[in-house]
Structure formats: structure tokens, C-alpha cells
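Chemist: work14.txt is the file, holding compact mmCIF, C-alpha atoms and all ligand atoms:
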# COMPACT_ATOMS: atom_id res chain seq x y z
CA MET A 22 83.58 -21.03 2.34
CA LYS A 23 80.02 -22.28 2.18
CA PHE A 24 78.09 -22.22 -1.10
CA PHE A 25 74.37 -21.53 -1.00
CA ILE A 26 72.16 -21.31 -4.08
CA ASP A 27 69.95 -18.24 -4.38
CA THR A 28 66.78 -19.57 -5.99
CA ALA A 29 63.40 -21.17 -5.30
CA ASN A 30 63.67 -23.36 -8.42
CA LEU A 31 63.65 -27.00 -7.27
CA ALA A 32 65.39 -28.33 -10.40
CA GLU A 33 68.24 -25.84 -10.00
CA ILE A 34 68.56 -26.64 -6.30
CA LYS A 35 68.74 -30.36 -7.11
CA GLU A 36 71.33 -29.79 -9.86
CA ALA A 37 73.55 -27.75 -7.51
CA TYR A 38 73.13 -30.28 -4.71
CA ASP A 39 74.00 -33.18 -7.02
CA LEU A 40 77.22 -31.36 -7.93
CA GLY A 41 78.27 -32.03 -4.34
CA VAL A 42 79.23 -28.51 -3.33
CA LEU A 43 75.97 -27.09 -2.01
CA ASP A 44 75.66 -26.12 1.65
CA GLY A 45 72.29 -24.37 1.66
CA VAL A 46 69.64 -22.30 -0.08
CA THR A 47 68.42 -18.72 0.16
CA THR A 48 65.07 -17.54 -1.14
CA ASN A 49 63.16 -14.29 -1.06
CA PRO A 50 59.63 -13.23 -2.04
CA SER A 51 60.82 -12.21 -5.54
CA LEU A 52 62.41 -15.60 -6.15
CA MET A 53 59.26 -17.38 -4.95
CA ALA A 54 57.13 -15.21 -7.26
CA LYS A 55 59.48 -16.01 -10.16
CA GLU A 56 58.62 -19.70 -9.70
CA GLY A 57 54.91 -18.89 -9.56
CA ILE A 58 54.61 -19.97 -5.92
CA SER A 59 51.83 -18.01 -4.20
CA GLY A 60 49.42 -18.43 -1.31
CA LYS A 61 50.57 -19.15 2.22
CA ASN A 62 50.10 -22.92 2.14
CA ASN A 63 51.87 -23.31 -1.21
CA ILE A 64 54.75 -21.16 -0.02
CA LEU A 65 55.16 -23.13 3.21
CA LYS A 66 54.98 -26.42 1.29
CA HIS A 67 57.63 -25.16 -1.13
CA TYR A 68 60.00 -24.45 1.75
CA VAL A 69 59.53 -28.02 2.97
CA ASP A 70 60.18 -29.33 -0.57
CA ILE A 71 63.45 -27.36 -0.62
CA CYS A 72 64.44 -28.70 2.81
CA ASN A 73 63.83 -32.22 1.55
CA ILE A 74 66.37 -31.76 -1.27
CA VAL A 75 69.21 -30.05 0.58
CA ASP A 76 70.98 -31.08 3.75
CA GLY A 77 71.75 -27.53 4.87
CA ASP A 78 70.34 -24.18 5.91
CA VAL A 79 67.35 -22.82 3.98
CA SER A 80 66.51 -19.13 4.40
CA ALA A 81 62.77 -18.37 4.39
CA GLU A 82 61.74 -14.72 4.50
CA VAL A 83 59.03 -13.08 6.58
CA ILE A 84 56.62 -10.71 4.82
CA ALA A 85 55.44 -8.77 7.87
CA THR A 86 57.25 -5.53 8.69
CA ASP A 87 56.01 -5.15 12.28
CA PHE A 88 57.56 -6.96 15.25
CA GLU A 89 54.52 -9.07 16.19
CA GLY A 90 53.91 -10.10 12.60
CA MET A 91 57.54 -11.06 12.09
CA ILE A 92 57.54 -13.13 15.28
CA ARG A 93 54.35 -14.93 14.23
CA GLU A 94 55.55 -15.63 10.69
CA GLY A 95 59.09 -16.47 11.74
CA GLN A 96 57.94 -18.96 14.35
CA GLU A 97 55.71 -20.64 11.75
CA LEU A 98 58.60 -20.85 9.29
CA ALA A 99 61.01 -22.18 11.92
CA ASP A 100 58.49 -24.87 12.90
CA LEU A 101 58.47 -26.20 9.30
CA HIS A 102 61.90 -27.85 9.44
CA GLU A 103 65.03 -27.75 11.60
CA ASN A 104 67.07 -26.36 8.67
CA ILE A 105 64.94 -23.25 8.24
CA VAL A 106 66.68 -19.94 8.94
CA VAL A 107 64.24 -17.03 9.33
CA LYS A 108 65.11 -14.20 6.97
CA VAL A 109 64.33 -10.77 8.40
CA PRO A 110 64.81 -7.35 6.74
CA MET A 111 67.24 -4.78 8.16
CA ILE A 112 64.71 -2.40 9.67
CA ALA A 113 64.23 -1.43 13.33
CA GLU A 114 61.37 -3.90 13.84
CA GLY A 115 63.48 -6.53 12.15
CA VAL A 116 66.38 -5.93 14.52
CA LYS A 117 64.02 -6.40 17.48
CA ALA A 118 62.74 -9.61 15.89
CA ILE A 119 66.29 -10.89 15.33
CA LYS A 120 67.05 -10.29 19.02
CA TYR A 121 63.85 -12.10 20.00
CA PHE A 122 64.59 -15.08 17.73
CA SER A 123 68.17 -15.20 18.97
CA ASN A 124 66.93 -15.46 22.57
CA GLN A 125 64.59 -18.27 21.48
CA GLY A 126 67.38 -20.20 19.74
CA ILE A 127 65.83 -19.60 16.31
CA ARG A 128 68.42 -18.83 13.65
CA THR A 129 68.10 -15.73 11.46
CA ASN A 130 69.44 -14.20 8.28
CA CYS A 131 69.33 -10.39 8.28
CA THR A 132 68.70 -9.36 4.68
CA LEU A 133 68.96 -6.15 2.64
CA VAL A 134 72.22 -5.05 4.27
CA PHE A 135 74.15 -2.34 2.45
CA SER A 136 76.45 -0.76 5.06
CA VAL A 137 78.89 -1.71 7.83
CA GLY A 138 76.66 0.07 10.36
CA GLN A 139 73.72 -2.14 9.44
CA ALA A 140 75.96 -5.21 9.62
CA LEU A 141 77.16 -4.19 13.09
CA ILE A 142 73.63 -3.73 14.40
CA ALA A 143 72.50 -7.09 12.99
CA ALA A 144 75.44 -8.88 14.60
CA LYS A 145 74.81 -7.21 17.96
CA ALA A 146 71.17 -8.34 17.79
CA GLY A 147 72.42 -11.91 17.34
CA ALA A 148 71.80 -12.60 13.65
CA SER A 149 73.17 -15.97 12.54
CA TYR A 150 73.81 -14.65 9.04
CA VAL A 151 73.95 -11.15 7.60
CA SER A 152 73.35 -10.69 3.87
CA PRO A 153 75.14 -7.79 2.17
CA PHE A 154 73.84 -7.39 -1.40
CA LEU A 155 76.80 -7.11 -3.76
CA GLY A 156 75.19 -6.68 -7.16
CA ARG A 157 72.77 -4.01 -6.00
CA LEU A 158 75.65 -1.95 -4.58
CA ASP A 159 77.64 -2.38 -7.80
CA ASP A 160 74.51 -1.22 -9.66
CA ILE A 161 74.78 2.17 -7.94
CA SER A 162 78.53 2.49 -8.51
CA THR A 163 79.46 1.54 -4.93
CA ASP A 164 82.31 -0.83 -4.08
CA SER A 165 80.49 -3.89 -2.76
CA LEU A 166 83.69 -5.84 -2.07
CA GLN A 167 84.93 -3.05 0.18
CA LEU A 168 81.79 -3.60 2.25
CA ILE A 169 82.59 -7.32 2.61
CA SER A 170 86.14 -6.48 3.59
CA ASP A 171 85.01 -3.90 6.19
CA MET A 172 82.43 -6.31 7.61
CA ARG A 173 85.11 -9.00 7.95
CA LEU A 174 87.34 -6.55 9.85
CA VAL A 175 84.59 -5.44 12.23
CA TYR A 176 83.30 -8.95 12.93
CA ASP A 177 86.85 -10.21 13.54
CA ASN A 178 87.65 -7.22 15.80
CA TYR A 179 84.89 -8.27 18.17
CA MET A 180 84.75 -11.98 17.42
CA PHE A 181 81.10 -11.83 16.36
CA GLU A 182 79.88 -15.30 15.43
CA THR A 183 77.49 -13.86 12.82
CA GLU A 184 78.38 -15.25 9.39
CA ILE A 185 78.85 -12.97 6.40
CA LEU A 186 76.57 -14.30 3.65
CA ALA A 187 77.43 -12.49 0.42
CA ALA A 188 74.20 -12.10 -1.56
CA SER A 189 73.03 -10.54 -4.82
CA VAL A 190 75.97 -12.35 -6.40
CA ARG A 191 75.90 -11.77 -10.15
CA HIS A 192 79.01 -13.51 -11.54
CA PRO A 193 81.77 -15.98 -10.61
CA MET A 194 84.34 -13.31 -9.77
CA HIS A 195 82.07 -12.02 -7.00
CA ILE A 196 82.43 -15.49 -5.44
CA VAL A 197 86.21 -15.62 -5.91
CA GLU A 198 86.73 -12.14 -4.47
CA CYS A 199 84.48 -12.91 -1.50
CA ALA A 200 86.50 -16.08 -0.86
CA LYS A 201 89.73 -14.05 -0.92
CA ILE A 202 88.33 -11.57 1.59
CA GLY A 203 86.96 -14.28 3.84
CA ALA A 204 83.17 -14.11 3.51
CA ASP A 205 81.75 -17.14 5.28
CA VAL A 206 79.12 -17.89 2.64
CA ALA A 207 78.25 -16.84 -0.91
CA THR A 208 74.71 -17.36 -2.13
CA CYS A 209 74.76 -17.57 -5.88
CA PRO A 210 72.69 -18.20 -8.98
CA LEU A 211 73.33 -21.68 -10.43
CA GLY A 212 75.04 -20.12 -13.46
CA SER A 213 77.69 -18.44 -11.30
CA ILE A 214 78.46 -21.67 -9.44
CA LYS A 215 78.80 -23.61 -12.70
CA ALA A 216 80.88 -20.85 -14.29
CA LEU A 217 83.51 -21.33 -11.58
CA LEU A 218 84.41 -24.75 -12.89
CA ASN A 219 84.90 -23.75 -16.54
CA HIS A 220 88.25 -22.97 -18.16
CA PRO A 221 89.09 -23.12 -21.90
CA LEU A 222 92.50 -24.69 -21.16
CA THR A 223 90.74 -27.49 -19.27
CA ASP A 224 88.50 -28.13 -22.29
CA SER A 225 91.32 -28.05 -24.86
CA GLY A 226 93.61 -30.08 -22.58
CA LEU A 227 90.99 -32.78 -22.11
CA ALA A 228 90.25 -32.89 -25.85
CA LYS A 229 93.97 -33.44 -26.53
CA PHE A 230 94.27 -36.18 -23.89
CA LEU A 231 91.28 -38.00 -25.38
CA SER A 232 92.47 -37.68 -28.99
CA ASP A 233 95.97 -38.90 -28.05
CA TYR A 234 94.40 -41.88 -26.28
CA GLN A 235 92.27 -42.66 -29.35
CA LYS A 236 95.34 -42.56 -31.64
CA THR A 237 97.09 -45.31 -29.69
CA ASN A 238 94.06 -47.33 -28.53
CA SER A 239 91.86 -47.78 -31.60
O1 LIG A 301 70.36 -12.85 -2.46
C1 LIG A 301 69.63 -11.73 -2.79
C2 LIG A 301 69.31 -11.76 -4.22
O2 LIG A 301 68.29 -12.67 -4.50
C3 LIG A 301 69.10 -10.46 -4.84
O3 LIG A 301 69.71 -10.56 -6.05
O4 LIG A 301 70.25 -9.93 -8.33
O5 LIG A 301 68.01 -9.31 -7.33
O6 LIG A 301 70.09 -8.17 -6.60
P1 LIG A 301 69.50 -9.43 -7.13
Here is the file; what I need is its structure written in the form of C-alpha cells.
Modeler:
Amino acid sequence: MKFFIDTANLAEIKEAYDLGVLDGVTTNPSLMAKEGISGKNNILKHYVDICNIVDGDVSAEVIATDFEGMIREGQELADLHENIVVKVPMIAEGVKAIKYFSNQGIRTNCTLVFSVGQALIAAKAGASYVSPFLGRLDDISTDSLQLISDMRLVYDNYMFETEILAASVRHPMHIVECAKIGADVATCPLGSIKALLNHPLTDSGLAKFLSDYQKTNS
């Protein structure tokens, strides 16, 4: 399972990368705004800065919602760095854009996916990644993990190469459950990645090992 970090914060990206388990980054306009990154040139430069930290795929989202605009923006994003994956929303114009990019050999991440039907369409259009949003489904009392499981079944039935990129991850158990189901990627906040490595028995066990060592070596 690949781990991506879902942030535009350079310090967090570096911390996750230094941990040695990071395979990529996803961003979106909200995450860029959260870091105070605005204006086209600053946004493009920020994507390059991210690509220079991480050796892996970096999703950069188009703002346009019409086909021509998405193609123009997506091409510009793809030209920034070979690791850029163009993030396109799951709307009809977006599906057309994904098909276009797929034909051009430009990789895409279809975002804002909430149903198996949407996931099927995105895969047929040739999306490299499809991003089902777990937390936002949970927020409306809908079983997000069932969606991941159903997507896995459908993609395996037809051997789609599209990767399931679990997004809107809110806690470490989302990651563990996605790994059990077989999601290809989870994109996570730094806190959820770090929470995976914590266990109170590890802490108390280590404290005991160290105190026993001190007793006989001081
Ligand atoms: O990966 C998508 C993510 O950024 C959305 O997360 O918590 O706003 O639903 P959230």
C-alpha cells in the first residue's frame, strides 16, 4: 500500500518524507488556501517546491470546470514536473478531460468520488488514480469502507489498472481498514500517519528495557 500525505504544508511533507514511508502527495485548492498560497505563479511554484521534496507522485488540481479550461490548466501543471498528476473533479467535463489526458500519456487523479458508479466511469476514462472521500461519506452516515470494498471488487473484476486512492482520511483506522480491503493508496494527514506507529505497550516496554539496562550498566 502506498502512503501519500494530504497537505500543501512543506514542513509536514518533509517530516513525512524523512520518516521514510512517503510515496507521494495530494493537494487541493482548500489545502493550498490553508497554507496561504494564492495567485497562479505562487501556486505553480509551490507545486515545484513539493516535487523537489518528495520522490513520488504529486497531485495538482485544476480549477476550471469546462473541458478546454481543464486541458489548458492540466497541461500547464503536467509541464511543471514529471511527478505531477493532474487532479480533475468527477463531473462530465472532467471525465472528458481524463480521457483526453489519458490519450496524451498525462496521468490523472479523479477527485470527489463518492459512489461505485463514479469510480467505474473514471476508470473507463483512463484515470490513473480515483479518490473516494472516506471522511465526507462518514460525515453523512454512509459506510465509506463499503465503497472502497465495492470499488476493489469492480476494478478487480475487469482488471482496471486505475489505482484506488483513499482520500479524506481522518484517523489511523481508516488507513488500516483500507489496507485490509486492498486500497492501493491512502492519502492521509500527517497526524494519522504518525498515529499508526504509536502503541502504549511499545512505550512502556521500551521504558522497562532502558531502566533495566541502567540498573546493570551504571
Ligand atoms: O483528500 C481529500 C481531502 O483533502 C479532503 O479531506 O477532511 O476535507 O474531507 P476532508
Chemist: Extract, using only C-alpha atoms, all DNA, RNA and protein residues at most 10 Å from A:Ala146, discarding same-chain residues fewer than 2 positions from it, and format them as a ChimeraX atom specification.
Modeler: /A:115-124,131,140-144,148-149,183
Chemist: Point out the residue among A:Ala200, A:Ala187, A:Leu40, A:Ile105 with the least atom-to-atom distance to ligand LIG 301 (chain A), counting all atoms listed in the file.
Modeler: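 Among A:Ala200, A:Ala187, A:Leu40, A:Ile105, it is A:Ala187 that comes nearest to ligand LIG 301 (chain A).
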Chemist: Could the residues that lie within 6 Å of ligand LIG 301 (chain A), counting all atoms listed in the file, be listed as a compact mmCIF listing (two decimals) with C-alpha atoms, keeping the file's coordinate frame?
Modeler:
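Output file result.txt follows:
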# COMPACT_ATOMS: atom_id res chain seq x y z
CA ASP A 27 69.95 -18.24 -4.38
CA GLY A 156 75.19 -6.68 -7.16
CA ARG A 157 72.77 -4.01 -6.00
CA ALA A 188 74.20 -12.10 -1.56
CA SER A 189 73.03 -10.54 -4.82
Chemist: Point out the residue among A:Leu101, A:Val107, A:Leu52, A:Leu231 with the least atom-to-atom distance to A:Val83, counting only C-alpha atoms.
Modeler: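 Selected residue with least distance to A:Val83: A:Val107.
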Chemist: Which is closer to A:Asp177 than all the others in A:Leu158, A:Gly203, A:Met194, A:Thr48, using only C-alpha atoms?
Modeler: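 Closest to A:Asp177, using only C-alpha atoms: A:Gly203.
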Chemist: Select, counting all atoms listed in the file, all protein, DNA and RNA residues no farther than 6 Å from (73.2, -23.5, 0.2) in file coordinates, and express the selection as a VMD selection string.
Modeler: chain A and resid 24 to 26 43 to 46
Chemist: From the options A:Tyr234, A:Tyr38, A:Tyr176, A:Phe88, which residue's atoms come nearest to A:Val137, counting all atoms listed in the file?
Modeler: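 Checking each candidate against A:Val137, we get A:Tyr176 as the closest.
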Chemist: For atom CA of A:Ser152 and atom CA of A:Val134, quote the distance in Å rounded to one decimal.
Modeler: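 Value for the atom CA of A:Ser152-atom CA of A:Val134 distance: 5.8 Å.
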Chemist: Nearest to A:Asp205: which of A:His220, A:Arg173, A:Lys35, A:Lys229 is it, counting all atoms listed in the file?
Modeler: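 Ranking A:His220, A:Arg173, A:Lys35, A:Lys229 by distance to A:Asp205, first place goes to A:Arg173.
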Chemist: Could you give me, as an mmCIF file with C-alpha atoms, in the coordinates of the input, the residues within 12 Å of A:Asn62, counting all atoms listed in the file and dropping anything in the same chain fewer than 6 positions from it?
Modeler:
data_model
loop_
_atom_site.group_PDB
_atom_site.id
_atom_site.type_symbol
_atom_site.label_atom_id
_atom_site.label_comp_id
_atom_site.auth_asym_id
_atom_site.auth_seq_id
_atom_site.Cartn_x
_atom_site.Cartn_y
_atom_site.Cartn_z
ATOM 1 C CA TYR A 68 60.000 -24.450 1.750
ATOM 2 C CA VAL A 69 59.530 -28.020 2.970
ATOM 3 C CA GLU A 97 55.710 -20.640 11.750
ATOM 4 C CA LEU A 98 58.600 -20.850 9.290
ATOM 5 C CA LEU A 101 58.470 -26.200 9.300
#
Chemist: Within 6 Å of (74.6, -24.9, -9.5), in the coordinates the file gives, what residues turn up when you count all atoms listed in the file, written out as a count of residues only?
Modeler: 5
Chemist: Compare A:Lys66, A:Val175, A:Glu82, A:Met22 by their minimum atom-to-atom distance to A:Ser51, counting only C-alpha atoms, and give me the closest one.
Modeler: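 So, comparing all the options, the nearest one is A:Glu82.
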Chemist: For atom CA of A:Gly77 and atom CA of A:Met180, quote the distance in Å rounded to one decimal.
Modeler: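 Between atom CA of A:Gly77 and atom CA of A:Met180 the gap is 23.8 Å.
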Chemist: To one decimal in Å, tell me the separation between atom CA of A:Thr132 and atom CA of A:Lys108.
Modeler: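 Separation between atom CA of A:Thr132 and atom CA of A:Lys108: 6.4 Å.
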Chemist: Got a minute to add N, CA and C atoms to stretch 154-173 of chain A and dump it as a PDB file, in the coordinates of the input?
Modeler:
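The result, written out as result35.pdb:
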ATOM      1  N   PHE A 154      74.233  -7.175  -0.005  1.00  0.00           N
ATOM      2  CA  PHE A 154      73.840  -7.390  -1.400  1.00  0.00           C
ATOM      3  C   PHE A 154      74.881  -6.774  -2.342  1.00  0.00           C
ATOM      4  N   LEU A 155      75.700  -7.610  -2.932  1.00  0.00           N
ATOM      5  CA  LEU A 155      76.800  -7.110  -3.760  1.00  0.00           C
ATOM      6  C   LEU A 155      76.332  -6.444  -5.042  1.00  0.00           C
ATOM      7  N   GLY A 156      75.572  -7.188  -5.835  1.00  0.00           N
ATOM      8  CA  GLY A 156      75.190  -6.680  -7.160  1.00  0.00           C
ATOM      9  C   GLY A 156      74.436  -5.366  -7.086  1.00  0.00           C
ATOM     10  N   ARG A 157      73.580  -5.242  -6.082  1.00  0.00           N
ATOM     11  CA  ARG A 157      72.770  -4.010  -6.000  1.00  0.00           C
ATOM     12  C   ARG A 157      73.626  -2.809  -5.616  1.00  0.00           C
ATOM     13  N   LEU A 158      74.724  -3.044  -4.853  1.00  0.00           N
ATOM     14  CA  LEU A 158      75.650  -1.950  -4.580  1.00  0.00           C
ATOM     15  C   LEU A 158      76.439  -1.602  -5.837  1.00  0.00           C
ATOM     16  N   ASP A 159      76.912  -2.627  -6.539  1.00  0.00           N
ATOM     17  CA  ASP A 159      77.640  -2.380  -7.800  1.00  0.00           C
ATOM     18  C   ASP A 159      76.755  -1.584  -8.764  1.00  0.00           C
ATOM     19  N   ASP A 160      75.445  -1.901  -8.753  1.00  0.00           N
ATOM     20  CA  ASP A 160      74.510  -1.220  -9.660  1.00  0.00           C
ATOM     21  C   ASP A 160      74.485   0.300  -9.443  1.00  0.00           C
ATOM     22  N   ILE A 161      74.785   0.716  -8.199  1.00  0.00           N
ATOM     23  CA  ILE A 161      74.780   2.170  -7.940  1.00  0.00           C
ATOM     24  C   ILE A 161      76.204   2.702  -7.754  1.00  0.00           C
ATOM     25  N   SER A 162      77.135   2.042  -8.454  1.00  0.00           N
ATOM     26  CA  SER A 162      78.530   2.490  -8.510  1.00  0.00           C
ATOM     27  C   SER A 162      79.173   2.580  -7.125  1.00  0.00           C
ATOM     28  N   THR A 163      78.867   1.590  -6.276  1.00  0.00           N
ATOM     29  CA  THR A 163      79.460   1.540  -4.930  1.00  0.00           C
ATOM     30  C   THR A 163      80.240   0.235  -4.809  1.00  0.00           C
ATOM     31  N   ASP A 164      81.405   0.318  -4.145  1.00  0.00           N
ATOM     32  CA  ASP A 164      82.310  -0.830  -4.080  1.00  0.00           C
ATOM     33  C   ASP A 164      81.777  -1.875  -3.097  1.00  0.00           C
ATOM     34  N   SER A 165      81.107  -2.884  -3.626  1.00  0.00           N
ATOM     35  CA  SER A 165      80.490  -3.890  -2.760  1.00  0.00           C
ATOM     36  C   SER A 165      81.536  -4.741  -2.048  1.00  0.00           C
ATOM     37  N   LEU A 166      82.674  -4.981  -2.698  1.00  0.00           N
ATOM     38  CA  LEU A 166      83.690  -5.840  -2.070  1.00  0.00           C
ATOM     39  C   LEU A 166      84.356  -5.134  -0.896  1.00  0.00           C
ATOM     40  N   GLN A 167      84.412  -3.793  -0.962  1.00  0.00           N
ATOM     41  CA  GLN A 167      84.930  -3.050   0.180  1.00  0.00           C
ATOM     42  C   GLN A 167      84.036  -3.258   1.403  1.00  0.00           C
ATOM     43  N   LEU A 168      82.719  -3.339   1.149  1.00  0.00           N
ATOM     44  CA  LEU A 168      81.790  -3.600   2.250  1.00  0.00           C
ATOM     45  C   LEU A 168      82.078  -4.963   2.894  1.00  0.00           C
ATOM     46  N   ILE A 169      82.294  -5.979   2.065  1.00  0.00           N
ATOM     47  CA  ILE A 169      82.590  -7.320   2.610  1.00  0.00           C
ATOM     48  C   ILE A 169      83.871  -7.277   3.444  1.00  0.00           C
ATOM     49  N   SER A 170      84.865  -6.581   2.901  1.00  0.00           N
ATOM     50  CA  SER A 170      86.140  -6.480   3.590  1.00  0.00           C
ATOM     51  C   SER A 170      85.990  -5.750   4.933  1.00  0.00           C
ATOM     52  N   ASP A 171      85.222  -4.664   4.939  1.00  0.00           N
ATOM     53  CA  ASP A 171      85.010  -3.900   6.190  1.00  0.00           C
ATOM     54  C   ASP A 171      84.196  -4.722   7.192  1.00  0.00           C
ATOM     55  N   MET A 172      83.213  -5.455   6.704  1.00  0.00           N
ATOM     56  CA  MET A 172      82.430  -6.310   7.610  1.00  0.00           C
ATOM     57  C   MET A 172      83.328  -7.378   8.237  1.00  0.00           C
ATOM     58  N   ARG A 173      84.202  -7.964   7.421  1.00  0.00           N
ATOM     59  CA  ARG A 173      85.110  -9.000   7.950  1.00  0.00           C
ATOM     60  C   ARG A 173      85.957  -8.433   9.082  1.00  0.00           C
TER      61      ARG A 173
END
